[in-house]
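Colleague: Starting off with a structure, shown below.
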Amino acid sequence: MSPWRSVLSRLPRPALVRVRGRSMWPTYREGDVLLVIAGAPPRAGRAAVVRLPRDGAGRARPLSVKRLTRPDPERPGHWWVGSDNSVEGVSSLDVGTLTSEDVVAVVACRVRRGLG
C-alpha cells in the first residue's frame with residue numbers, strides 16, 4: 001500500500017444519511033437528509049451517527065442519529081448519548097455509554113428537510 005493511501009484512509013469522509021424515525025424530533029424529522037463527517041472527533045452537544053449495542057434479543061440495531069450529551073467521566077473514551085425527543089428513542093439510560101469507536105460520524109448540517 002502506498003503511504004498516501006494510508007494517510008488518505010485516516011482523513012474524515014463526508015457522507016449523506018437520511019433520518020428514519022422520530023427520536024431526534026424536533027431537531028431532525030423523518031426524511032431529513034444530513035451531511036455527516038465520518039471520522040470526525042466526537043464533541044459534547046453535537047448530533048452523531050452511532051452504532052448502538054444489540055437489543056435484548058441479540059439483534060443488531062440500525063445505525064442511529066443521537067445527541068452526544070457528554071463524555072463519561074468514569075470511562076474515558078465513552079460517551080453518554082440521548083434523543084432530542086424525550087418520549088421516543090434509545091439513550092444511554094437504556095444501553096449505557098458508547099465507545100468513541102461507536103460514534104461513526106458527526107452531523108455537520110441538514111442538507112434537505114424531509115416531507116414527513
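Note on naming: chains are A, B, ... as they come in the C-alpha cells, residues start from 1 per chain, ligands start from 1 in the order shown.
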Using only C-alpha atoms, determine which residues lie at most 8 Å from Leu16 (chain A), disregarding the query and same-chain residues fewer than 4 positions distant; provide the list as a list in words.
Modeller: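 Near neighbours after the sequence-gap exclusion: Val33, Leu34, Leu35 and Val36 of chain A.
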Colleague: Write out as a ChimeraX atom specification which residues come within 12 Å of region 21-29 of chain A when counting only C-alpha atoms, dropping same-chain ones fewer than 3 positions away.
Modeller: /A:17-18,32-34,46-49,62-68,81-91,107,109-116
Colleague: In Å, how far is it from CA of Ile37 (chain A) to CA of Ser100 (chain A)?
Modeller: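 The value is 14.2 Å.
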Colleague: For Asp72 (chain A), please output as a VMD selection string all residues within 12 Å (counting only C-alpha atoms; exclusion window: fewer than 3 positions along the same chain).
Modeller: chain A and resid 44 68 to 69 75 to 81 92 96 to 100
Colleague: Please extract the residues of chain A with a backbone DSSP assignment of alpha helix (DSSP H) and present them as a PyMOL selection string.
Modeller: chain A and resi 3-9+92-95
Colleague: Can those selected residues be exported to a file as a short mmCIF file (atom, residue, chain, number, x, y, z; two decimals), in the first residue's frame so that it contains N, CA and C atoms?
Modeller:
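As a result, out.cif now contains:
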```
data_model
loop_
_atom_site.label_atom_id
_atom_site.label_comp_id
_atom_site.auth_asym_id
_atom_site.auth_seq_id
_atom_site.Cartn_x
_atom_site.Cartn_y
_atom_site.Cartn_z
N PRO A 3 2.14 5.03 0.80
CA PRO A 3 1.99 5.83 2.03
C PRO A 3 0.84 6.83 1.93
N TRP A 4 0.54 7.32 0.74
CA TRP A 4 -0.57 8.27 0.58
C TRP A 4 -1.91 7.62 0.86
N ARG A 5 -2.07 6.38 0.44
CA ARG A 5 -3.34 5.69 0.69
C ARG A 5 -3.57 5.56 2.19
N SER A 6 -2.52 5.28 2.94
CA SER A 6 -2.64 5.16 4.39
C SER A 6 -3.07 6.49 5.01
N VAL A 7 -2.48 7.59 4.55
CA VAL A 7 -2.84 8.91 5.06
C VAL A 7 -4.27 9.26 4.68
N LEU A 8 -4.64 9.04 3.44
CA LEU A 8 -5.98 9.38 2.97
C LEU A 8 -7.06 8.57 3.67
N SER A 9 -6.76 7.33 4.02
CA SER A 9 -7.77 6.49 4.67
C SER A 9 -8.10 6.98 6.07
N SER A 92 -28.54 6.46 26.43
CA SER A 92 -27.60 5.77 27.32
C SER A 92 -28.28 5.26 28.58
N LEU A 93 -29.42 5.83 28.94
CA LEU A 93 -30.16 5.30 30.08
C LEU A 93 -30.66 3.88 29.78
N ASP A 94 -30.83 3.57 28.48
CA ASP A 94 -31.28 2.24 28.06
C ASP A 94 -30.13 1.28 27.79
N VAL A 95 -29.05 1.80 27.20
CA VAL A 95 -27.99 0.91 26.70
C VAL A 95 -26.62 1.18 27.30
#
```
Colleague: Kindly give the distance, in Å, that separates CA of Arg61 (chain A) and CA of Asp102 (chain A), rounded to a single decimal.
Modeller: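 Taking CA of Arg61 (chain A) as the start and CA of Asp102 (chain A) as the end point, the length is 12.3 Å.
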Colleague: Looking only at the backbone, which of the residues in region 77-113 of chain A does DSSP tag as strand (DSSP E or B), as a list in words?
Modeller: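 Output for region 77-113 of chain A, strand (DSSP E or B) only: His78, Trp79, Trp80, Val81, Gly82, Leu98, Thr99, Val103, Val104, Ala105, Val106, Val107, Ala108, Cys109, Arg110, Val111 and Arg112 of chain A.
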Colleague: Which of these, A:Arg51, A:Val106, A:Gly45, A:Ala57, has the shortest distance to Arg70 (chain A) once you count only C-alpha atoms?
Modeller: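 Of A:Arg51, A:Val106, A:Gly45, A:Ala57, the one nearest Arg70 (chain A), counting only C-alpha atoms, is A:Gly45.
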Colleague: What does the distance from CA of Ala108 (chain A) to CA of Ala38 (chain A) come to in Å, to one decimal?
Modeller: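 Between CA of Ala108 (chain A) and CA of Ala38 (chain A) the gap works out to 10.1 Å.
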